[in-house]
Protein chains: 4
Amino acid sequence: MNLLGIAGSLRAGSFNRNLIRAAGAAAPDGVTVAAFGRLGEIPPYNDDEKQKAFPEVVTALAEEIRAADGLLIATPEYNYGVSGVLKNAIDWISRVPDQPFKDKPIGVMGAAMGGLGTARAQYDLRRSFIFLEGLVMNRPEIFVGAAHTKFDEAGALTDEATREILTDYMKALAAWIQRVR
Amino acid sequence: MNLLGIAGSLRAGSFNRNLIRAAGAAAPDGVTVAAFGRLGEIPPYNDDEKQKAFPEVVTALAEEIRAADGLLIATPEYNYGVSGVLKNAIDWISRVPDQPFKDKPIGVMGAAMGGLGTARAQYDLRRSFIFLEGLVMNRPEIFVGAAHTKFDEAGALTDEATREILTDYMKALAAWIQRVR
Amino acid sequence: MNLLGIAGSLRAGSFNRNLIRAAGAAAPDGVTVAAFGRLGEIPPYNDDEKQKAFPEVVTALAEEIRAADGLLIATPEYNYGVSGVLKNAIDWISRVPDQPFKDKPIGVMGAAMGGLGTARAQYDLRRSFIFLEGLVMNRPEIFVGAAHTKFDEAGALTDEATREILTDYMKALAAWIQRVR
Amino acid sequence: MNLLGIAGSLRAGSFNRNLIRAAGAAAPDGVTVAAFGRLGEIPPYNDDEKQKAFPEVVTALAEEIRAADGLLIATPEYNYGVSGVLKNAIDWISRVPDQPFKDKPIGVMGAAMGGLGTARAQYDLRRSFIFLEGLVMNRPEIFVGAAHTKFDEAGALTDEATREILTDYMKALAAWIQRVR
């Protein structure tokens with residue numbers, strides 16, 4: 001079972017990129033998580049540009065989504081919502097013919113320095129997938145708060161409680177994918 | 001009273017840009033709406049880039065916000081949420097020192113082809129301004145649905161019911177600005 | 001396939017009760033919708049009372065939910081949210097041991113006089129079912145606006161466009177139930 | 001300055017009732033918080049009943065709201081939303097002629113055993129006050145998580161960090177009321 005991981009922020013030391021990596025390490029045997037690495041190349045969505053052609057990076061992401069058995073999305077929370085950067089990627093992908101989120105099993109999670117651990121952003125993201133007909137797992141949910149205390153400088157997860165939560169989460173996500181695929 | 005208008009989509013014939021223009025035309029005497037025209041130049045938010053320097057276009061937008069007596073934001077609704085492009089601009093502005101949304105009177109509205117007229121996006125946007133401490137007017141609200149039937153090819157508003165709603169809205173927004181400024 | 005319909009308001013001429021009835025009439029052959037009729041008997045949720053005993057009406061509703069192949073919930077929108085009456089019923093049911101919403105296929109819809117057709121309420125309701133692990137169909141969605149113009153005095157649906165939408169909706173809901181049950 | 005406190009759950013040992021009391025104790029000199037104590041008497045909202053007469057308890061609550069300089073609402077979070085009991089009270093009050101939430105300064109907070117401290121419920125509640133034209137303070141916000149560890153058996157606040165947050169909150173709320181009243 002091959003999952004595509006998408007982290008919604010661009011800085012090199014992104015907590016959400018670290019979280020995707022930690023989720024992959026915590027996944028059950030036979031489940032892999034490959035991280036999409038080109039989010040920063042996606043231009044601002046402009047319908048006039050789309051009429052001419054989809055950017056190559058958008059087409060590439062759409063193909064990776066199609067090829068995956070499921071998605072694992074880790075969103076930051078900026079200003080009590082999904083990062084514009086992540087939402088912009090979704091806005092592009094949603095216009096690709098035969099849009100690839102439809103019927104795709106999805107896990108939503110997130111990490112932030114604040115106490116609520118991206119909860120507000122996650123529910124907005126889940127609402128987008130109602131429109132896009134993604135199949136988002138209900139529970140468990142993961143809200144990693146105080147993220148700056150849970151990864152080391154190299155980006156490795158150091159918090160054992162979070163690792164256990166991730167392990168359970170990945171097991172549940174694999175079962176969800178089996179169920180609805 | 002000088003308002004800054006921000007429309008959250010980039011295509012040339014954007015309904016929301018048209019709506020900002022129509023709102024300016026419907027505003028009471030002495031109230032002007034100048035539209036910000038450089039949204040498409042704002043790069044994807046990247047905290048590493050921000051550490052080096054704010055892009056000039058972000059600094060320019062922050063200054064226009066500071067100089068305005070109030071903001072008028074017209075958001076599209078993409079995938080049941082705020083457009084990534086608009087949210088990305090807010091994500092940048094929110095990091096500018098002494099962030100300029102604080103205590104700024106704001107009107108939120110939106111136009112879309114669908115029936116709900118960007119309602120879902122507007123409430124997400126309003127939640128962002130809780131964090132940013134903007135002073136968003138409660139009511140009236142404007143949800144322009146079926147927007148493709150309400151503007152002509154040149155982008156001029158042709159729907160009289162919408163014009164009346166805009167006229168009332170702009171009067172209320174001016175009164176709100178007087179009240180909380 | 002037997003569905004349980006729950007309308008979230010109490011007045012005799014409730015649009016949402018009418019909508020449930022119209023949905024039953026529009027359902028494919030072999031799909032029935034029985035309406036729960038005792039919402040008004042459910043007392044205000046009080047945890048101290050629950051410790052003593054569940055009210056009989058709550059136990060009865062829980063059993064009807066368990067027995068149904070799926071749920072069809074029609075919510076009004078009061079003050080931009082789910083009616084307190086409907087939410088209170090959910091709050092009781094959620095505490096019943098082995099809570100019956102878990103893994104239950106659910107359709108959410110709603111009718112109101114206003115233009116947005118209960119959209120705000122529906123998304124709040126859907127969020128509750130994330131916690132409760134209900135399996136809410138993504139799309140189609142039904143937002144019946146201007147409901148006072150779409151039913152006659154006896155409560156019968158008179159709007160043909162709404163009937164067509166309901167017919168498609170019920171077909172999709174039956175397929176969703178088949179899929180996830 | 002006299003505030004009316006409304007706690008949204010009914011059990012005797014309600015964390016939110018305790019939180020209202022602690023907020024009163026933490027308020028600046030000259031600011032008092034009186035708790036509304038009759039929430040459990042409010043019947044399920046039924047428009048047919050309303051047509052006949054408003055229940056006395058609803059009229060009484062409306063008068064207390066009118067008389068107060070501001071409101072302090074402490075909501076529990078049941079099933080990722082506002083408690084039905086609290087929402088039902090708001091649904092009744094919203095129909096009282098010359099509805100009393102309009103232009104009333106309001107502070108929203110909440111306490112729960114879970115980690116997110118009622119955040120989901122608070123944003124739904126804030127959305128209701130857009131419709132009702134209440135003037136909800138943006139920030140600071142209070143999300144009391146793990147509430148069962150922060151009050152003693154008599155209901156007194158024992159957590160010093162929460163007390164400091166409450167003290168700052170009440171100072172800010174008093175300033176907000178001064179500003180918008």
# chains A, B, ... in the order shown; residues from 1 in each chain; ligands from 1
call {"tool": "interface_residues", "arguments": {"of": "chain B", "to": "chain D", "cutoff": "8 Å", "atoms": "only C-alpha atoms", "output": "list in words"}}
result
Tyr123, Arg127, Ile130, Phe131, Glu133, Gly134, Asn138, Arg139 and Val180 of chain B
call {"tool": "residues_around", "arguments": {"residues": "Glu64 in chain C", "least_positions_apart": "3", "cutoff": "12 Å", "atoms": "only C-alpha atoms", "output": "number ranges by chain"}}
result
C: 2-6, 33-38, 57-61, 67-71, 93, 100-101, 104
call {"tool": "closest_residue", "arguments": {"among": "D:Ala74, D:Ala89, D:Ala154, D:Val108", "to": "Ala12 in chain D", "atoms": "only C-alpha atoms"}}
result
D:Ala154
call {"tool": "select_by_dssp", "arguments": {"residues": "range 22-58 of chain C", "states": "alpha helix (DSSP H)", "output": "list of chain:residue names"}}
result
C:Ala22, C:Ala23, C:Gly24, C:Ala25, C:Ala26, C:Asp47, C:Asp48, C:Glu49, C:Lys50, C:Gln51, C:Lys52, C:Glu56, C:Val57, C:Val58
call {"tool": "residues_around", "arguments": {"residues": "Leu39 in chain D", "least_positions_apart": "4", "cutoff": "8 Å", "atoms": "only C-alpha atoms", "output": "PDB file with C-alpha atoms, in the first residue's frame"}}
result
ATOM      1  CA  GLY D   8     -23.914  25.914  28.608  1.00  0.00           C
ATOM      2  CA  LEU D  10     -26.649  21.515  33.215  1.00  0.00           C
ATOM      3  CA  VAL D  85     -28.989  22.947  25.619  1.00  0.00           C
ATOM      4  CA  LEU D  86     -27.102  26.224  25.118  1.00  0.00           C
ATOM      5  CA  ALA D  89     -31.577  28.856  24.728  1.00  0.00           C
TER       6      ALA D  89
END
call {"tool": "atom_distance", "arguments": {"atom1": "CA of Ile142 in chain D", "atom2": "CA of Gly110 in chain D"}}
result
6.6 Å
call {"tool": "residues_around", "arguments": {"residues": "Ala26 in chain B", "least_positions_apart": "6", "cutoff": "9 Å", "atoms": "only C-alpha atoms", "output": "ChimeraX atom specification"}}
result
/B:163-164,166-171
call {"tool": "select_by_dssp", "arguments": {"residues": "chain D", "states": "strand (DSSP E)", "output": "PDB file with N, CA, C and O atoms, in the first residue's frame"}}
result
ATOM      1  N   ASN D   2     -21.584  45.373  34.904  1.00  0.00           N
ATOM      2  CA  ASN D   2     -22.223  44.114  35.310  1.00  0.00           C
ATOM      3  C   ASN D   2     -22.374  43.174  34.122  1.00  0.00           C
ATOM      4  O   ASN D   2     -23.050  43.505  33.157  1.00  0.00           O
ATOM      5  N   LEU D   3     -21.744  42.018  34.221  1.00  0.00           N
ATOM      6  CA  LEU D   3     -21.835  41.025  33.149  1.00  0.00           C
ATOM      7  C   LEU D   3     -22.794  39.919  33.554  1.00  0.00           C
ATOM      8  O   LEU D   3     -22.899  39.570  34.729  1.00  0.00           O
ATOM      9  N   LEU D   4     -23.439  39.350  32.537  1.00  0.00           N
ATOM     10  CA  LEU D   4     -24.238  38.155  32.758  1.00  0.00           C
ATOM     11  C   LEU D   4     -23.443  36.958  32.249  1.00  0.00           C
ATOM     12  O   LEU D   4     -23.016  36.942  31.082  1.00  0.00           O
ATOM     13  N   GLY D   5     -23.261  35.978  33.107  1.00  0.00           N
ATOM     14  CA  GLY D   5     -22.554  34.761  32.719  1.00  0.00           C
ATOM     15  C   GLY D   5     -23.536  33.650  32.381  1.00  0.00           C
ATOM     16  O   GLY D   5     -24.505  33.438  33.110  1.00  0.00           O
ATOM     17  N   ILE D   6     -23.294  32.974  31.284  1.00  0.00           N
ATOM     18  CA  ILE D   6     -24.147  31.853  30.881  1.00  0.00           C
ATOM     19  C   ILE D   6     -23.252  30.647  30.628  1.00  0.00           C
ATOM     20  O   ILE D   6     -22.385  30.687  29.752  1.00  0.00           O
ATOM     21  N   ALA D   7     -23.463  29.603  31.414  1.00  0.00           N
ATOM     22  CA  ALA D   7     -22.712  28.351  31.225  1.00  0.00           C
ATOM     23  C   ALA D   7     -23.619  27.366  30.506  1.00  0.00           C
ATOM     24  O   ALA D   7     -24.776  27.199  30.881  1.00  0.00           O
ATOM     25  N   THR D  32     -18.508  42.861  37.761  1.00  0.00           N
ATOM     26  CA  THR D  32     -19.121  41.703  38.402  1.00  0.00           C
ATOM     27  C   THR D  32     -19.705  40.769  37.340  1.00  0.00           C
ATOM     28  O   THR D  32     -20.086  41.207  36.257  1.00  0.00           O
ATOM     29  N   VAL D  33     -19.749  39.482  37.687  1.00  0.00           N
ATOM     30  CA  VAL D  33     -20.347  38.488  36.785  1.00  0.00           C
ATOM     31  C   VAL D  33     -21.434  37.744  37.556  1.00  0.00           C
ATOM     32  O   VAL D  33     -21.134  37.023  38.517  1.00  0.00           O
ATOM     33  N   ALA D  34     -22.687  37.919  37.149  1.00  0.00           N
ATOM     34  CA  ALA D  34     -23.795  37.174  37.754  1.00  0.00           C
ATOM     35  C   ALA D  34     -24.160  36.031  36.824  1.00  0.00           C
ATOM     36  O   ALA D  34     -24.334  36.240  35.623  1.00  0.00           O
ATOM     37  N   ALA D  35     -24.263  34.824  37.375  1.00  0.00           N
ATOM     38  CA  ALA D  35     -24.529  33.651  36.529  1.00  0.00           C
ATOM     39  C   ALA D  35     -26.031  33.426  36.371  1.00  0.00           C
ATOM     40  O   ALA D  35     -26.772  33.443  37.357  1.00  0.00           O
ATOM     41  N   GLY D  70     -22.637  43.402  29.359  1.00  0.00           N
ATOM     42  CA  GLY D  70     -22.006  42.468  28.423  1.00  0.00           C
ATOM     43  C   GLY D  70     -22.300  41.050  28.863  1.00  0.00           C
ATOM     44  O   GLY D  70     -22.784  40.823  29.979  1.00  0.00           O
ATOM     45  N   LEU D  71     -22.002  40.108  27.980  1.00  0.00           N
ATOM     46  CA  LEU D  71     -22.233  38.696  28.278  1.00  0.00           C
ATOM     47  C   LEU D  71     -20.911  37.948  28.326  1.00  0.00           C
ATOM     48  O   LEU D  71     -19.978  38.269  27.588  1.00  0.00           O
ATOM     49  N   LEU D  72     -20.887  36.931  29.149  1.00  0.00           N
ATOM     50  CA  LEU D  72     -19.750  36.022  29.212  1.00  0.00           C
ATOM     51  C   LEU D  72     -20.331  34.622  29.074  1.00  0.00           C
ATOM     52  O   LEU D  72     -21.073  34.165  29.951  1.00  0.00           O
ATOM     53  N   ILE D  73     -20.036  33.984  27.954  1.00  0.00           N
ATOM     54  CA  ILE D  73     -20.634  32.683  27.679  1.00  0.00           C
ATOM     55  C   ILE D  73     -19.553  31.614  27.723  1.00  0.00           C
ATOM     56  O   ILE D  73     -18.528  31.734  27.051  1.00  0.00           O
ATOM     57  N   ALA D  74     -19.806  30.597  28.534  1.00  0.00           N
ATOM     58  CA  ALA D  74     -18.868  29.473  28.639  1.00  0.00           C
ATOM     59  C   ALA D  74     -19.566  28.236  28.083  1.00  0.00           C
ATOM     60  O   ALA D  74     -20.520  27.734  28.671  1.00  0.00           O
ATOM     61  N   GLU D  77     -18.208  21.575  24.912  1.00  0.00           N
ATOM     62  CA  GLU D  77     -18.213  21.051  23.549  1.00  0.00           C
ATOM     63  C   GLU D  77     -18.745  19.633  23.597  1.00  0.00           C
ATOM     64  O   GLU D  77     -18.110  18.746  24.179  1.00  0.00           O
ATOM     65  N   TYR D  78     -19.902  19.446  23.016  1.00  0.00           N
ATOM     66  CA  TYR D  78     -20.490  18.119  22.907  1.00  0.00           C
ATOM     67  C   TYR D  78     -20.460  17.738  21.443  1.00  0.00           C
ATOM     68  O   TYR D  78     -20.970  18.469  20.586  1.00  0.00           O
ATOM     69  N   GLY D  81     -19.409  20.333  18.882  1.00  0.00           N
ATOM     70  CA  GLY D  81     -20.230  21.514  18.650  1.00  0.00           C
ATOM     71  C   GLY D  81     -20.753  22.075  19.961  1.00  0.00           C
ATOM     72  O   GLY D  81     -20.492  21.535  21.042  1.00  0.00           O
ATOM     73  N   VAL D  82     -21.483  23.168  19.849  1.00  0.00           N
ATOM     74  CA  VAL D  82     -22.143  23.790  20.991  1.00  0.00           C
ATOM     75  C   VAL D  82     -23.140  22.788  21.583  1.00  0.00           C
ATOM     76  O   VAL D  82     -23.778  22.038  20.845  1.00  0.00           O
ATOM     77  N   PRO D 105     -21.947  43.487  23.786  1.00  0.00           N
ATOM     78  CA  PRO D 105     -20.570  42.965  23.837  1.00  0.00           C
ATOM     79  C   PRO D 105     -20.563  41.574  24.487  1.00  0.00           C
ATOM     80  O   PRO D 105     -21.247  41.355  25.490  1.00  0.00           O
ATOM     81  N   ILE D 106     -19.789  40.672  23.908  1.00  0.00           N
ATOM     82  CA  ILE D 106     -19.815  39.268  24.332  1.00  0.00           C
ATOM     83  C   ILE D 106     -18.400  38.700  24.400  1.00  0.00           C
ATOM     84  O   ILE D 106     -17.587  38.927  23.507  1.00  0.00           O
ATOM     85  N   GLY D 107     -18.148  37.957  25.453  1.00  0.00           N
ATOM     86  CA  GLY D 107     -16.942  37.134  25.530  1.00  0.00           C
ATOM     87  C   GLY D 107     -17.333  35.670  25.444  1.00  0.00           C
ATOM     88  O   GLY D 107     -18.260  35.240  26.128  1.00  0.00           O
ATOM     89  N   VAL D 108     -16.634  34.921  24.599  1.00  0.00           N
ATOM     90  CA  VAL D 108     -16.900  33.486  24.438  1.00  0.00           C
ATOM     91  C   VAL D 108     -15.702  32.716  24.978  1.00  0.00           C
ATOM     92  O   VAL D 108     -14.553  33.053  24.679  1.00  0.00           O
ATOM     93  N   MET D 109     -15.977  31.708  25.780  1.00  0.00           N
ATOM     94  CA  MET D 109     -14.894  30.854  26.275  1.00  0.00           C
ATOM     95  C   MET D 109     -15.451  29.452  26.500  1.00  0.00           C
ATOM     96  O   MET D 109     -16.602  29.178  26.174  1.00  0.00           O
ATOM     97  N   GLY D 110     -14.653  28.551  27.044  1.00  0.00           N
ATOM     98  CA  GLY D 110     -15.186  27.219  27.296  1.00  0.00           C
ATOM     99  C   GLY D 110     -14.162  26.309  27.939  1.00  0.00           C
ATOM    100  O   GLY D 110     -12.950  26.546  27.865  1.00  0.00           O
ATOM    101  N   ALA D 111     -14.684  25.271  28.574  1.00  0.00           N
ATOM    102  CA  ALA D 111     -13.848  24.289  29.269  1.00  0.00           C
ATOM    103  C   ALA D 111     -14.343  22.890  28.947  1.00  0.00           C
ATOM    104  O   ALA D 111     -15.540  22.644  28.879  1.00  0.00           O
ATOM    105  N   LEU D 135     -21.497  41.581  19.561  1.00  0.00           N
ATOM    106  CA  LEU D 135     -20.153  42.121  19.340  1.00  0.00           C
ATOM    107  C   LEU D 135     -19.166  41.276  20.138  1.00  0.00           C
ATOM    108  O   LEU D 135     -18.834  41.584  21.290  1.00  0.00           O
ATOM    109  N   VAL D 136     -18.723  40.192  19.520  1.00  0.00           N
ATOM    110  CA  VAL D 136     -17.866  39.237  20.210  1.00  0.00           C
ATOM    111  C   VAL D 136     -16.414  39.712  20.162  1.00  0.00           C
ATOM    112  O   VAL D 136     -15.892  40.024  19.086  1.00  0.00           O
ATOM    113  N   ILE D 142     -10.089  31.835  25.275  1.00  0.00           N
ATOM    114  CA  ILE D 142      -9.783  30.886  26.353  1.00  0.00           C
ATOM    115  C   ILE D 142     -10.312  29.509  25.997  1.00  0.00           C
ATOM    116  O   ILE D 142     -11.516  29.324  25.799  1.00  0.00           O
ATOM    117  N   PHE D 143      -9.390  28.570  25.904  1.00  0.00           N
ATOM    118  CA  PHE D 143      -9.733  27.177  25.655  1.00  0.00           C
ATOM    119  C   PHE D 143      -9.207  26.348  26.829  1.00  0.00           C
ATOM    120  O   PHE D 143      -8.018  26.014  26.855  1.00  0.00           O
ATOM    121  N   VAL D 144     -10.039  26.061  27.788  1.00  0.00           N
ATOM    122  CA  VAL D 144      -9.581  25.304  28.946  1.00  0.00           C
ATOM    123  C   VAL D 144      -9.695  23.804  28.653  1.00  0.00           C
ATOM    124  O   VAL D 144     -10.790  23.243  28.661  1.00  0.00           O
TER     125      VAL D 144
END
call {"tool": "atom_distance", "arguments": {"atom1": "CA of Asp91 in chain D", "atom2": "CA of Ala146 in chain C"}}
result
20.0 Å
call {"tool": "residues_around", "arguments": {"residues": "Ala147 in chain C", "least_positions_apart": "3", "cutoff": "6 Å", "atoms": "only C-alpha atoms", "output": "list of chain:residue names"}}
result
C:Ala111, C:Ala112, C:Met113, C:Lys150
call {"tool": "write_last_selection", "arguments": {"atoms": "all heavy atoms", "output": "short mmCIF file (atom, residue, chain, number, x, y, z; two decimals), in the first residue's frame"}}
result
data_model
loop_
_atom_site.label_atom_id
_atom_site.label_comp_id
_atom_site.auth_asym_id
_atom_site.auth_seq_id
_atom_site.Cartn_x
_atom_site.Cartn_y
_atom_site.Cartn_z
N ALA C 111 -33.82 22.37 4.89
CA ALA C 111 -34.70 23.34 4.22
C ALA C 111 -34.89 24.54 5.12
O ALA C 111 -35.03 24.40 6.34
CB ALA C 111 -36.05 22.70 3.91
N ALA C 112 -34.90 25.72 4.52
CA ALA C 112 -35.11 26.96 5.26
C ALA C 112 -35.67 28.02 4.34
O ALA C 112 -35.60 27.90 3.12
CB ALA C 112 -33.79 27.44 5.87
N MET C 113 -36.22 29.05 4.93
CA MET C 113 -36.77 30.14 4.13
C MET C 113 -35.67 30.97 3.48
O MET C 113 -35.86 31.52 2.42
CB MET C 113 -37.67 31.00 4.99
CG MET C 113 -38.97 30.26 5.37
SD MET C 113 -40.25 31.37 5.98
CE MET C 113 -39.55 31.79 7.58
N LYS C 150 -42.10 26.24 -1.63
CA LYS C 150 -41.91 24.94 -2.28
C LYS C 150 -42.76 23.79 -1.72
O LYS C 150 -42.67 22.67 -2.20
CB LYS C 150 -40.42 24.57 -2.23
CG LYS C 150 -39.60 25.55 -3.06
CD LYS C 150 -38.11 25.31 -3.01
CE LYS C 150 -37.39 26.32 -3.90
NZ LYS C 150 -35.93 26.36 -3.64
#
call {"tool": "atom_distance", "arguments": {"atom1": "CA of Ala121 in chain D", "atom2": "CA of Pro76 in chain D"}}
result
7.3 Å
call {"tool": "closest_residue", "arguments": {"among": "C:Val31, C:Ser9, C:Ala23, C:Phe15", "to": "Asn46 in chain D", "atoms": "only C-alpha atoms"}}
result
C:Ser9
call {"tool": "decode", "arguments": {"residues": "range 148-157 of chain A", "atoms": "all heavy atoms", "output": "PDB file, in the first residue's frame"}}
result
ATOM      1  N   HIS A 148       7.268  22.446  18.202  1.00  0.00           N
ATOM      2  CA  HIS A 148       8.686  22.798  18.316  1.00  0.00           C
ATOM      3  C   HIS A 148       9.374  22.026  19.435  1.00  0.00           C
ATOM      4  O   HIS A 148      10.601  22.002  19.509  1.00  0.00           O
ATOM      5  CB  HIS A 148       8.832  24.309  18.533  1.00  0.00           C
ATOM      6  CG  HIS A 148       7.982  24.832  19.646  1.00  0.00           C
ATOM      7  ND1 HIS A 148       6.604  24.729  19.649  1.00  0.00           N
ATOM      8  CD2 HIS A 148       8.301  25.465  20.801  1.00  0.00           C
ATOM      9  CE1 HIS A 148       6.120  25.280  20.754  1.00  0.00           C
ATOM     10  NE2 HIS A 148       7.124  25.725  21.459  1.00  0.00           N
ATOM     11  N   THR A 149       8.600  21.391  20.301  1.00  0.00           N
ATOM     12  CA  THR A 149       9.209  20.604  21.387  1.00  0.00           C
ATOM     13  C   THR A 149       9.250  19.113  21.060  1.00  0.00           C
ATOM     14  O   THR A 149       9.703  18.322  21.887  1.00  0.00           O
ATOM     15  CB  THR A 149       8.402  20.768  22.698  1.00  0.00           C
ATOM     16  OG1 THR A 149       7.113  20.144  22.527  1.00  0.00           O
ATOM     17  CG2 THR A 149       8.195  22.239  23.051  1.00  0.00           C
ATOM     18  N   LYS A 150       8.785  18.726  19.885  1.00  0.00           N
ATOM     19  CA  LYS A 150       8.580  17.301  19.606  1.00  0.00           C
ATOM     20  C   LYS A 150       9.439  16.738  18.474  1.00  0.00           C
ATOM     21  O   LYS A 150       9.341  15.559  18.153  1.00  0.00           O
ATOM     22  CB  LYS A 150       7.094  17.041  19.347  1.00  0.00           C
ATOM     23  CG  LYS A 150       6.252  17.310  20.609  1.00  0.00           C
ATOM     24  CD  LYS A 150       4.768  17.171  20.407  1.00  0.00           C
ATOM     25  CE  LYS A 150       4.039  17.441  21.725  1.00  0.00           C
ATOM     26  NZ  LYS A 150       2.590  17.630  21.551  1.00  0.00           N
ATOM     27  N   PHE A 151      10.220  17.594  17.849  1.00  0.00           N
ATOM     28  CA  PHE A 151      11.139  17.145  16.803  1.00  0.00           C
ATOM     29  C   PHE A 151      12.520  17.693  17.138  1.00  0.00           C
ATOM     30  O   PHE A 151      12.641  18.792  17.689  1.00  0.00           O
ATOM     31  CB  PHE A 151      10.697  17.658  15.427  1.00  0.00           C
ATOM     32  CG  PHE A 151       9.352  17.147  14.985  1.00  0.00           C
ATOM     33  CD1 PHE A 151       8.195  17.875  15.245  1.00  0.00           C
ATOM     34  CD2 PHE A 151       9.233  15.933  14.300  1.00  0.00           C
ATOM     35  CE1 PHE A 151       6.946  17.401  14.851  1.00  0.00           C
ATOM     36  CE2 PHE A 151       7.990  15.462  13.900  1.00  0.00           C
ATOM     37  CZ  PHE A 151       6.839  16.192  14.176  1.00  0.00           C
ATOM     38  N   ASP A 152      13.567  16.957  16.793  1.00  0.00           N
ATOM     39  CA  ASP A 152      14.905  17.490  17.044  1.00  0.00           C
ATOM     40  C   ASP A 152      15.356  18.357  15.865  1.00  0.00           C
ATOM     41  O   ASP A 152      14.596  18.575  14.916  1.00  0.00           O
ATOM     42  CB  ASP A 152      15.903  16.368  17.354  1.00  0.00           C
ATOM     43  CG  ASP A 152      16.164  15.452  16.158  1.00  0.00           C
ATOM     44  OD1 ASP A 152      15.851  15.836  15.007  1.00  0.00           O
ATOM     45  OD2 ASP A 152      16.669  14.335  16.389  1.00  0.00           O
ATOM     46  N   GLU A 153      16.573  18.844  15.924  1.00  0.00           N
ATOM     47  CA  GLU A 153      17.020  19.802  14.904  1.00  0.00           C
ATOM     48  C   GLU A 153      17.107  19.183  13.516  1.00  0.00           C
ATOM     49  O   GLU A 153      16.971  19.870  12.506  1.00  0.00           O
ATOM     50  CB  GLU A 153      18.374  20.409  15.292  1.00  0.00           C
ATOM     51  CG  GLU A 153      18.227  21.409  16.425  1.00  0.00           C
ATOM     52  CD  GLU A 153      19.395  22.385  16.498  1.00  0.00           C
ATOM     53  OE1 GLU A 153      20.235  22.394  15.563  1.00  0.00           O
ATOM     54  OE2 GLU A 153      19.471  23.136  17.488  1.00  0.00           O
ATOM     55  N   ALA A 154      17.328  17.878  13.489  1.00  0.00           N
ATOM     56  CA  ALA A 154      17.376  17.192  12.196  1.00  0.00           C
ATOM     57  C   ALA A 154      15.972  16.854  11.678  1.00  0.00           C
ATOM     58  O   ALA A 154      15.827  16.283  10.606  1.00  0.00           O
ATOM     59  CB  ALA A 154      18.205  15.921  12.322  1.00  0.00           C
ATOM     60  N   GLY A 155      14.941  17.179  12.482  1.00  0.00           N
ATOM     61  CA  GLY A 155      13.582  16.932  12.025  1.00  0.00           C
ATOM     62  C   GLY A 155      13.024  15.586  12.441  1.00  0.00           C
ATOM     63  O   GLY A 155      11.925  15.209  12.028  1.00  0.00           O
ATOM     64  N   ALA A 156      13.764  14.852  13.279  1.00  0.00           N
ATOM     65  CA  ALA A 156      13.278  13.542  13.727  1.00  0.00           C
ATOM     66  C   ALA A 156      12.341  13.705  14.917  1.00  0.00           C
ATOM     67  O   ALA A 156      12.584  14.526  15.808  1.00  0.00           O
ATOM     68  CB  ALA A 156      14.462  12.655  14.108  1.00  0.00           C
ATOM     69  N   LEU A 157      11.300  12.910  14.935  1.00  0.00           N
ATOM     70  CA  LEU A 157      10.339  12.940  16.030  1.00  0.00           C
ATOM     71  C   LEU A 157      11.002  12.429  17.301  1.00  0.00           C
ATOM     72  O   LEU A 157      11.616  11.356  17.323  1.00  0.00           O
ATOM     73  CB  LEU A 157       9.136  12.047  15.681  1.00  0.00           C
ATOM     74  CG  LEU A 157       8.021  11.980  16.723  1.00  0.00           C
ATOM     75  CD1 LEU A 157       7.320  13.324  16.853  1.00  0.00           C
ATOM     76  CD2 LEU A 157       7.009  10.899  16.340  1.00  0.00           C
TER      77      LEU A 157
END
